[in-house]
file query-v6.txt (compact mmCIF, C-alpha atoms)
# COMPACT_ATOMS: atom_id res chain seq x y z
CA MET A 368 136.50 -16.44 116.99
CA ARG A 369 138.33 -13.19 116.18
CA LEU A 370 139.47 -10.65 118.76
CA ILE A 371 138.94 -6.95 118.11
CA LEU A 372 140.35 -3.99 120.01
CA ALA A 373 138.09 -0.92 120.14
CA GLY A 374 139.02 2.38 121.69
CA ASP A 375 137.44 5.73 122.50
CA ILE A 376 140.34 8.18 122.75
CA GLY A 377 139.83 11.64 124.21
CA GLY A 378 141.86 14.40 125.79
CA THR A 379 140.70 13.41 129.28
CA LYS A 380 140.15 9.66 129.18
CA THR A 381 140.89 6.65 127.01
CA ILE A 382 138.53 3.66 127.13
CA LEU A 383 139.67 0.38 125.59
CA ARG A 384 137.48 -2.64 125.01
CA LEU A 385 138.50 -6.11 123.82
CA VAL A 386 135.66 -7.90 122.06
CA GLN A 387 135.10 -11.30 120.47
CA GLN A 388 133.60 -11.54 117.00
CA PRO A 389 132.00 -14.95 116.47
CA GLU A 390 131.24 -16.30 113.01
CA ILE A 391 127.54 -15.99 113.80
CA GLY A 392 125.91 -13.76 116.40
CA GLU A 393 126.62 -10.53 118.22
CA ILE A 394 129.98 -9.11 119.23
CA GLN A 395 130.72 -9.89 122.88
CA THR A 396 132.84 -7.86 125.32
CA LEU A 397 135.78 -9.78 126.78
CA TYR A 398 137.52 -7.04 128.80
CA GLU A 399 137.33 -3.27 129.23
CA GLU A 400 139.41 -0.65 131.05
CA ARG A 401 139.57 3.15 131.39
CA TYR A 402 142.74 5.26 131.58
CA SER A 403 143.60 8.90 132.19
CA SER A 404 144.97 10.05 128.82
CA ARG A 405 147.13 12.79 130.33
CA ASN A 406 149.13 10.22 132.30
CA TYR A 407 150.62 8.86 129.07
CA THR A 408 152.71 10.33 126.27
CA ASP A 409 151.10 8.22 123.54
CA LEU A 410 148.46 5.58 122.90
CA VAL A 411 150.93 2.71 122.45
CA PRO A 412 151.88 2.25 126.14
CA ILE A 413 148.20 2.32 127.12
CA VAL A 414 147.34 -0.43 124.65
CA ARG A 415 150.30 -2.56 125.75
CA GLN A 416 149.32 -2.20 129.40
CA PHE A 417 145.68 -2.95 128.58
CA LEU A 418 146.44 -6.13 126.62
CA ALA A 419 148.80 -7.41 129.33
CA THR A 420 146.18 -6.81 132.02
CA ALA A 421 143.46 -8.38 129.86
CA ALA A 422 145.57 -11.52 129.40
CA GLU A 423 146.20 -11.72 133.15
CA LYS A 424 142.55 -11.19 134.07
CA THR A 425 141.05 -13.53 131.48
CA GLY A 426 143.76 -16.16 131.33
CA LYS A 427 143.53 -16.10 127.53
CA ASP A 428 145.58 -14.99 124.56
CA THR A 429 144.35 -11.42 124.09
CA THR A 430 146.21 -10.52 120.91
CA PRO A 431 143.67 -8.75 118.67
CA GLN A 432 143.55 -9.37 114.94
CA LYS A 433 142.41 -5.80 114.18
CA ALA A 434 141.57 -2.54 115.91
CA CYS A 435 139.69 0.69 115.53
CA PHE A 436 140.16 3.82 117.63
CA ALA A 437 137.63 6.63 117.76
CA ILE A 438 139.56 9.87 118.15
CA ALA A 439 138.49 13.30 119.39
CA GLY A 440 139.94 15.20 116.45
CA PRO A 441 139.87 15.45 112.65
CA VAL A 442 141.16 12.24 111.03
CA VAL A 443 142.97 12.68 107.70
CA ASN A 444 144.38 9.63 105.87
CA ASN A 445 144.35 7.60 109.09
CA THR A 446 146.38 10.20 110.97
CA VAL A 447 145.16 12.59 113.64
CA LYS A 448 146.41 15.26 116.02
CA LEU A 449 144.19 15.09 119.07
CA THR A 450 142.28 18.29 119.76
CA ASN A 451 142.97 18.49 123.51
CA LEU A 452 146.07 16.35 123.91
CA ALA A 453 149.64 16.49 122.55
CA TRP A 454 149.36 13.16 120.74
CA PHE A 455 149.86 12.55 117.04
CA LEU A 456 148.54 9.17 115.96
CA ASP A 457 149.31 7.41 112.68
CA SER A 458 147.69 4.05 111.95
CA GLN A 459 150.79 2.72 110.15
CA ARG A 460 153.02 3.52 113.12
CA LEU A 461 150.51 1.99 115.51
CA GLU A 462 150.33 -1.19 113.41
CA GLN A 463 154.13 -1.53 113.47
CA GLU A 464 154.59 -0.82 117.18
CA LEU A 465 151.59 -2.81 118.43
CA LYS A 466 151.90 -5.68 115.90
CA ILE A 467 148.19 -5.38 115.11
CA ALA A 468 146.91 -4.98 111.57
CA PRO A 469 144.79 -3.49 110.32
CA ILE A 470 144.28 -0.51 112.64
CA SER A 471 141.85 2.19 111.62
CA LEU A 472 141.39 5.67 113.10
CA ILE A 473 137.99 7.34 112.81
CA ASN A 474 136.53 10.55 114.16
CA ASP A 475 134.79 10.12 117.48
CA PHE A 476 131.44 11.30 116.16
CA ALA A 477 131.71 9.02 113.14
CA ALA A 478 132.08 6.24 115.71
CA VAL A 479 128.92 7.48 117.46
CA SER A 480 127.12 7.31 114.12
CA TYR A 481 128.21 3.70 113.61
CA GLY A 482 127.35 3.01 117.22
CA VAL A 483 123.65 3.81 116.87
CA LEU A 484 123.44 0.72 114.65
CA GLY A 485 124.47 -1.42 117.60
CA LEU A 486 122.18 0.03 120.26
CA LYS A 487 119.66 -2.12 122.07
CA GLU A 488 116.17 -1.19 123.18
CA GLU A 489 117.34 -0.27 126.68
CA ASP A 490 120.01 2.04 125.21
CA ILE A 491 117.53 4.56 123.82
CA TYR A 492 114.55 6.58 124.95
CA THR A 493 111.91 7.28 122.32
CA LEU A 494 111.04 10.96 122.50
CA GLN A 495 108.83 10.93 119.38
CA VAL A 496 107.53 7.78 117.71
CA GLY A 497 107.04 9.37 114.30
CA LYS A 498 106.44 7.25 111.22
CA PRO A 499 109.62 5.19 110.60
CA GLN A 500 110.77 4.48 107.05
CA LEU A 501 113.54 1.89 106.97
CA LEU A 502 115.06 3.06 103.68
CA ALA A 503 115.28 6.71 104.75
CA PRO A 504 118.43 8.38 106.15
CA VAL A 505 119.40 8.29 109.82
CA ALA A 506 120.54 11.55 111.46
CA VAL A 507 122.78 11.81 114.51
CA LEU A 508 123.70 14.86 116.56
CA GLY A 509 125.16 15.18 119.98
CA ALA A 510 126.10 18.01 122.31
CA GLY A 511 129.03 17.49 124.64
CA THR A 512 132.31 19.36 124.57
CA GLY A 513 131.22 20.48 121.10
CA LEU A 514 128.29 19.69 118.80
CA GLY A 515 128.75 16.70 116.53
CA GLN A 516 126.51 15.95 113.57
CA GLY A 517 126.44 13.15 111.02
CA PHE A 518 124.13 10.93 109.02
CA LEU A 519 123.79 7.40 107.67
CA ILE A 520 122.45 6.24 104.31
CA LYS A 521 121.16 2.73 103.67
CA LYS A 522 123.26 0.80 101.12
CA GLY A 523 121.95 -2.69 100.55
CA GLU A 524 121.97 -4.43 103.91
CA GLU A 525 124.54 -2.02 105.34
CA PHE A 526 124.80 1.71 106.08
CA ASP A 527 127.33 4.25 104.86
CA VAL A 528 128.27 6.82 107.51
CA PHE A 529 128.99 10.41 106.56
CA ALA A 530 130.66 13.02 108.74
CA SER A 531 129.46 16.60 108.94
CA GLU A 532 130.63 19.93 110.33
CA GLY A 533 127.05 21.05 110.89
CA GLY A 534 127.82 22.07 114.46
CA HIS A 535 129.79 25.00 113.04
CA ALA A 536 126.85 26.37 111.06
CA ASP A 537 125.43 29.73 112.17
CA PHE A 538 123.38 29.95 115.34
CA ALA A 539 119.86 31.03 114.30
CA PRO A 540 118.05 32.95 117.08
CA ARG A 541 114.27 32.51 117.16
CA SER A 542 113.18 34.89 119.92
CA GLU A 543 114.05 38.31 121.31
CA LEU A 544 115.98 36.66 124.14
CA GLU A 545 118.00 34.55 121.71
CA PHE A 546 118.73 37.62 119.55
CA LEU A 547 120.09 39.31 122.68
CA LEU A 548 122.16 36.20 123.40
CA LEU A 549 123.59 36.36 119.88
CA LYS A 550 124.55 40.03 120.34
CA TYR A 551 126.05 39.25 123.74
CA LEU A 552 128.29 36.52 122.31
CA LEU A 553 129.38 38.64 119.36
CA ASP A 554 130.40 41.49 121.66
CA LYS A 555 131.91 39.33 124.40
CA HIS A 556 134.21 37.44 122.06
CA ASP A 557 134.67 40.24 119.49
CA ILE A 558 133.71 37.93 116.63
CA GLN A 559 131.77 38.29 113.38
CA ARG A 560 129.52 35.24 113.68
CA VAL A 561 128.32 32.75 116.27
CA SER A 562 128.23 29.03 115.52
CA VAL A 563 125.43 26.91 116.89
CA GLU A 564 128.11 24.97 118.81
CA ARG A 565 128.74 28.07 120.95
CA VAL A 566 125.20 27.69 122.27
CA VAL A 567 124.43 23.97 122.00
CA SER A 568 127.31 22.38 123.92
CA GLY A 569 128.71 22.20 127.43
CA LEU A 570 130.39 25.55 126.86
CA GLY A 571 127.07 26.79 125.52
CA ILE A 572 125.39 26.07 128.84
CA ILE A 573 128.01 28.24 130.56
CA ALA A 574 127.65 30.98 127.92
CA ILE A 575 123.87 31.10 128.34
CA TYR A 576 124.27 31.27 132.13
CA GLN A 577 126.76 34.14 131.84
CA PHE A 578 124.41 35.98 129.50
CA LEU A 579 121.45 35.68 131.85
CA ARG A 580 123.61 36.56 134.85
CA ASP A 581 125.03 39.67 133.19
CA ARG A 582 121.51 40.76 132.22
CA SER A 583 120.47 40.33 135.88
CA TYR A 584 117.79 37.83 134.93
CA ALA A 585 117.86 36.46 138.48
CA THR A 586 120.07 36.50 141.55
CA GLU A 587 122.96 34.04 141.46
CA SER A 588 123.10 31.35 144.09
CA PRO A 589 126.39 31.53 146.04
CA GLU A 590 127.21 27.90 145.15
CA ILE A 591 126.89 28.29 141.37
CA ALA A 592 128.43 31.77 141.43
CA GLN A 593 131.57 30.39 143.10
CA ILE A 594 131.91 27.56 140.58
CA VAL A 595 131.43 29.82 137.55
CA SER A 596 133.78 32.45 138.98
CA THR A 597 136.49 29.83 139.56
CA TRP A 598 136.05 28.55 136.00
CA GLU A 599 136.30 32.09 134.56
CA LYS A 600 139.54 32.76 136.48
CA GLN A 601 141.09 29.60 135.05
CA ALA A 602 140.80 30.81 131.45
CA GLY A 603 143.55 29.31 129.32
CA SER A 604 144.51 26.67 131.88
CA GLU A 605 143.23 23.25 132.89
CA LYS A 606 139.86 23.58 134.62
CA SER A 607 139.27 22.28 138.14
CA VAL A 608 135.49 22.76 138.07
CA ASP A 609 132.64 21.97 135.68
CA PRO A 610 130.06 24.80 135.70
CA ALA A 611 127.89 23.14 133.01
CA ALA A 612 127.38 20.09 135.23
CA ALA A 613 126.67 22.22 138.30
CA ILE A 614 124.19 24.42 136.42
CA SER A 615 122.44 21.37 134.96
CA THR A 616 122.17 19.67 138.35
CA ALA A 617 120.74 22.82 139.96
CA ALA A 618 118.21 23.10 137.13
CA LEU A 619 117.18 19.44 137.43
CA GLU A 620 116.67 19.84 141.16
CA GLY A 621 114.71 23.07 140.68
CA ARG A 622 116.74 24.99 143.24
CA ASP A 623 118.16 27.86 141.22
CA ARG A 624 116.06 30.07 138.94
CA LEU A 625 119.04 31.27 136.91
CA SER A 626 120.14 27.70 136.20
CA GLU A 627 116.58 26.65 135.34
CA GLN A 628 116.24 29.40 132.73
CA THR A 629 119.70 28.56 131.39
CA LEU A 630 118.71 24.94 130.74
CA ARG A 631 115.35 25.98 129.33
CA MET A 632 117.11 28.13 126.71
CA PHE A 633 119.66 25.38 126.08
CA VAL A 634 117.05 22.66 125.57
CA GLU A 635 115.05 24.87 123.19
CA ALA A 636 118.15 25.74 121.15
CA TYR A 637 119.10 22.06 121.07
CA GLY A 638 115.64 21.06 119.84
CA ALA A 639 115.62 23.81 117.22
CA GLU A 640 118.99 22.70 115.83
CA ALA A 641 117.84 19.06 115.78
CA GLY A 642 114.86 20.26 113.74
CA ASN A 643 117.17 22.12 111.35
CA LEU A 644 119.17 18.95 110.76
CA ALA A 645 115.98 16.96 110.27
CA LEU A 646 114.70 19.40 107.63
CA LYS A 647 117.91 19.00 105.64
CA LEU A 648 118.02 15.19 105.76
CA LEU A 649 114.40 14.06 106.34
CA PRO A 650 115.68 11.21 108.55
CA TYR A 651 112.50 9.14 108.73
CA ASN A 652 114.67 6.20 109.79
CA GLY A 653 115.40 8.07 113.01
CA LEU A 654 117.11 11.10 114.45
CA TYR A 655 119.36 10.10 117.34
CA VAL A 656 120.34 12.64 119.99
CA ALA A 657 123.65 11.42 121.38
CA GLY A 658 126.43 13.19 123.29
CA GLY A 659 127.08 13.34 126.99
CA ILE A 660 124.54 16.00 127.92
CA ALA A 661 121.17 14.68 126.71
CA PRO A 662 120.88 11.59 128.96
CA LYS A 663 121.93 13.64 131.99
CA ILE A 664 119.15 16.19 131.46
CA LEU A 665 116.54 13.76 130.12
CA PRO A 666 113.79 14.95 132.54
CA LEU A 667 114.17 18.49 131.16
CA ILE A 668 114.01 17.20 127.58
CA GLN A 669 110.90 15.19 128.44
CA GLU A 670 109.09 18.34 129.59
CA GLY A 671 108.29 19.18 125.97
CA ASN A 672 110.38 22.24 125.10
CA PHE A 673 112.80 20.19 123.02
CA LEU A 674 110.11 18.68 120.81
CA HIS A 675 108.21 21.97 120.60
CA ALA A 676 111.31 23.70 119.24
CA PHE A 677 112.06 20.67 117.03
CA THR A 678 108.68 20.82 115.27
CA SER A 679 108.18 24.61 115.27
CA LYS A 680 109.14 25.08 111.63
CA GLY A 681 105.99 26.73 110.24
CA ARG A 682 104.48 24.81 107.37
CA MET A 683 107.04 22.03 107.87
CA ARG A 684 105.65 21.02 111.28
CA SER A 685 103.79 17.97 109.95
CA ILE A 686 106.96 16.72 108.25
CA LEU A 687 108.95 16.90 111.47
CA GLU A 688 106.19 15.25 113.47
CA ASP A 689 106.77 12.14 111.31
CA VAL A 690 110.49 11.92 112.20
CA PRO A 691 111.26 9.37 114.95
CA VAL A 692 113.39 11.02 117.64
CA TYR A 693 115.51 8.96 120.03
CA ILE A 694 117.68 9.98 122.98
CA VAL A 695 120.80 7.79 123.25
CA LEU A 696 121.18 6.70 126.88
CA ASN A 697 124.29 4.51 126.49
CA PRO A 698 127.38 6.71 127.10
CA GLN A 699 129.60 4.20 125.32
CA VAL A 700 127.90 4.40 121.94
CA GLY A 701 131.19 5.56 120.38
CA LEU A 702 132.99 2.48 121.69
CA ILE A 703 130.23 0.30 120.25
CA GLY A 704 130.69 2.06 116.92
CA ALA A 705 134.46 1.58 116.93
CA ALA A 706 134.00 -2.17 117.51
CA LEU A 707 131.40 -2.43 114.73
CA TYR A 708 133.67 -0.54 112.34
CA ALA A 709 136.66 -2.74 113.18
CA ALA A 710 134.57 -5.87 112.67
CA LYS A 711 134.13 -4.90 109.02
CA LEU A 712 137.81 -4.16 108.33

call {"tool": "encode", "arguments": {"input": "query-v6.txt", "output": "structure tokens"}}
result
Amino acid sequence: MRLILAGDIGGTKTILRLVQQPEIGEIQTLYEERYSSRNYTDLVPIVRQFLATAAEKTGKDTTPQKACFAIAGPVVNNTVKLTNLAWFLDSQRLEQELKIAPISLINDFAAVSYGVLGLKEEDIYTLQVGKPQLLAPVAVLGAGTGLGQGFLIKKGEEFDVFASEGGHADFAPRSELEFLLLKYLLDKHDIQRVSVERVVSGLGIIAIYQFLRDRSYATESPEIAQIVSTWEKQAGSEKSVDPAAAISTAALEGRDRLSEQTLRMFVEAYGAEAGNLALKLLPYNGLYVAGGIAPKILPLIQEGNFLHAFTSKGRMRSILEDVPVYIVLNPQVGLIGAALYAAKL
């Protein structure tokens, strides 16, 4: 029985999970804990505290034989500077200080891509059954803080995972309203192009809301107006409010017309981008919609606008109707992926 340490490391929180890898059978979770990343100067003291607590709670030797950490940032040669935290992580340094080897660092969305291989039936919602082909590629995209994209290719009995920067491709408006949104973002930020991530992400929800508000699409509710105004005044500093969550909740509850239209535009743009990715990869082995937003707004996705935008590709509609589409409901898919990756080290 081997012990594996898996971690999901972000600017806000760090989740660590100690798992057992039997010779035969599935990986089993032994202990898990969550920490506020900003309360620590580095990952090492968190891991040491976690392993000590795990040993105390389980009454067992919790020294892992190997580890993998999924990091919110670009990983180059097993080193990474976190995007939203003043940490620089190097796998060799971590191995020396933690006395664990090997330790691998992978991008957080690469971990999500590995993680879809470990999902169970209750972890996904089938949005479109399609016509699965087990030897075809698997596509993964997920809107959260940004817009991650990746894909998997079958190689024998295993899969190779490939990262992508598809979230930074150009936003492609499909209607007069979306063309106006594009112009609004170009002017507001004084930029030459708009990436799809500016629209399909948590920040994208806020941007769409601001656009509709500034066009006087509907009257703002005092509650949402206060939250968005507070967020706007905190530009360049740590935020104390989450307008995207407030707007999404108001839309789900059907109590604010401006928020409802915001989420309608967001869901359609999300579906359209998922369709763009599907056209490029033909992922008949499944397209997985991950990220923190999709499961929270699942009722809005189920209404049909997502799939309509996904398949509205002219003569390519029939091709996209054959692609299985799944919504990932398990928020810890990245942690699952980190454990699966470490198991193969």

call {"tool": "atom_distance", "arguments": {"input": "query-v6.txt", "atom1": "atom CA of Gly701 of chain A", "atom2": "atom CA of Ala478 of chain A"}}
result
4.8 Å

call {"tool": "closest_residue", "arguments": {"input": "query-v6.txt", "among": "A:Ala539, A:Leu570, A:Ala709, A:Ile591", "to": "Gln388 of chain A", "atoms": "all atoms listed in the file"}}
result
A:Ala709

call {"tool": "residues_around", "arguments": {"input": "query-v6.txt", "residues": "Asp475 of chain A", "least_positions_apart": "3", "cutoff": "12 Å", "atoms": "all atoms listed in the file", "output": "VMD selection string"}}
result
chain A and resid 373 to 378 381 435 to 442 447 449 to 450 472 478 to 482 509 511 to 517 530 to 531 657 to 658 699 to 705 708

call {"tool": "residues_around", "arguments": {"input": "query-v6.txt", "residues": "Val563 of chain A", "least_positions_apart": "5", "cutoff": "7 Å", "atoms": "all atoms listed in the file", "output": "list in words"}}
result
Gly534, His535, Ala536, Asp537 and Phe538 of chain A

call {"tool": "axis_aligned_box", "arguments": {"input": "query-v6.txt", "around": "segment 640-647 of chain A", "padding_each_side": "4 Å", "output": "AutoDock Vina command-line options"}}
result
--center_x 116.9 --center_y 19.8 --center_z 110.7 --size_x 12.5 --size_y 13.7 --size_z 18.2

call {"tool": "atom_distance", "arguments": {"input": "query-v6.txt", "atom1": "atom CA of Leu646 of chain A", "atom2": "atom CA of Gln495 of chain A"}}
result
15.6 Å

call {"tool": "closest_residue", "arguments": {"input": "query-v6.txt", "among": "A:Pro666, A:Tyr398, A:Glu590, A:Gly569", "to": "Glu423 of chain A", "atoms": "only C-alpha atoms"}}
result
A:Tyr398

call {"tool": "atom_distance", "arguments": {"input": "query-v6.txt", "atom1": "atom CA of Val656 of chain A", "atom2": "atom CA of Val496 of chain A"}}
result
13.9 Å

call {"tool": "closest_residue", "arguments": {"input": "query-v6.txt", "among": "A:Ser607, A:Leu508, A:Ser562, A:Glu532", "to": "Ile694 of chain A", "atoms": "all atoms listed in the file"}}
result
A:Leu508

call {"tool": "residues_around", "arguments": {"input": "query-v6.txt", "residues": "segment 641-645 of chain A", "least_positions_apart": "2", "cutoff": "8 Å", "atoms": "all atoms listed in the file", "output": "ChimeraX atom specification"}}
result
/A:506,508,637-639,647-650,654,676-678,680,687,690

call {"tool": "residues_around", "arguments": {"input": "query-v6.txt", "residues": "Phe633 of chain A", "least_positions_apart": "4", "cutoff": "9 Å", "atoms": "all atoms listed in the file", "output": "compact mmCIF listing (two decimals) with C-alpha atoms, keeping the file's coordinate frame"}}
result
# COMPACT_ATOMS: atom_id res chain seq x y z
CA VAL A 566 125.20 27.69 122.27
CA VAL A 567 124.43 23.97 122.00
CA SER A 568 127.31 22.38 123.92
CA GLY A 571 127.07 26.79 125.52
CA ILE A 572 125.39 26.07 128.84
CA ILE A 575 123.87 31.10 128.34
CA GLN A 628 116.24 29.40 132.73
CA THR A 629 119.70 28.56 131.39
CA TYR A 637 119.10 22.06 121.07
CA GLY A 638 115.64 21.06 119.84

call {"tool": "closest_residue", "arguments": {"input": "query-v6.txt", "among": "A:Thr425, A:Gln459, A:Ser615, A:Thr408", "to": "Ile668 of chain A", "atoms": "only C-alpha atoms"}}
result
A:Ser615

call {"tool": "closest_residue", "arguments": {"input": "query-v6.txt", "among": "A:Gln593, A:Thr396, A:Leu696, A:Ile382", "to": "Glu488 of chain A", "atoms": "all atoms listed in the file"}}
result
A:Leu696

call {"tool": "closest_residue", "arguments": {"input": "query-v6.txt", "among": "A:Gln416, A:Ser626, A:Ser596, A:Asn697", "to": "Tyr402 of chain A", "atoms": "all atoms listed in the file"}}
result
A:Gln416
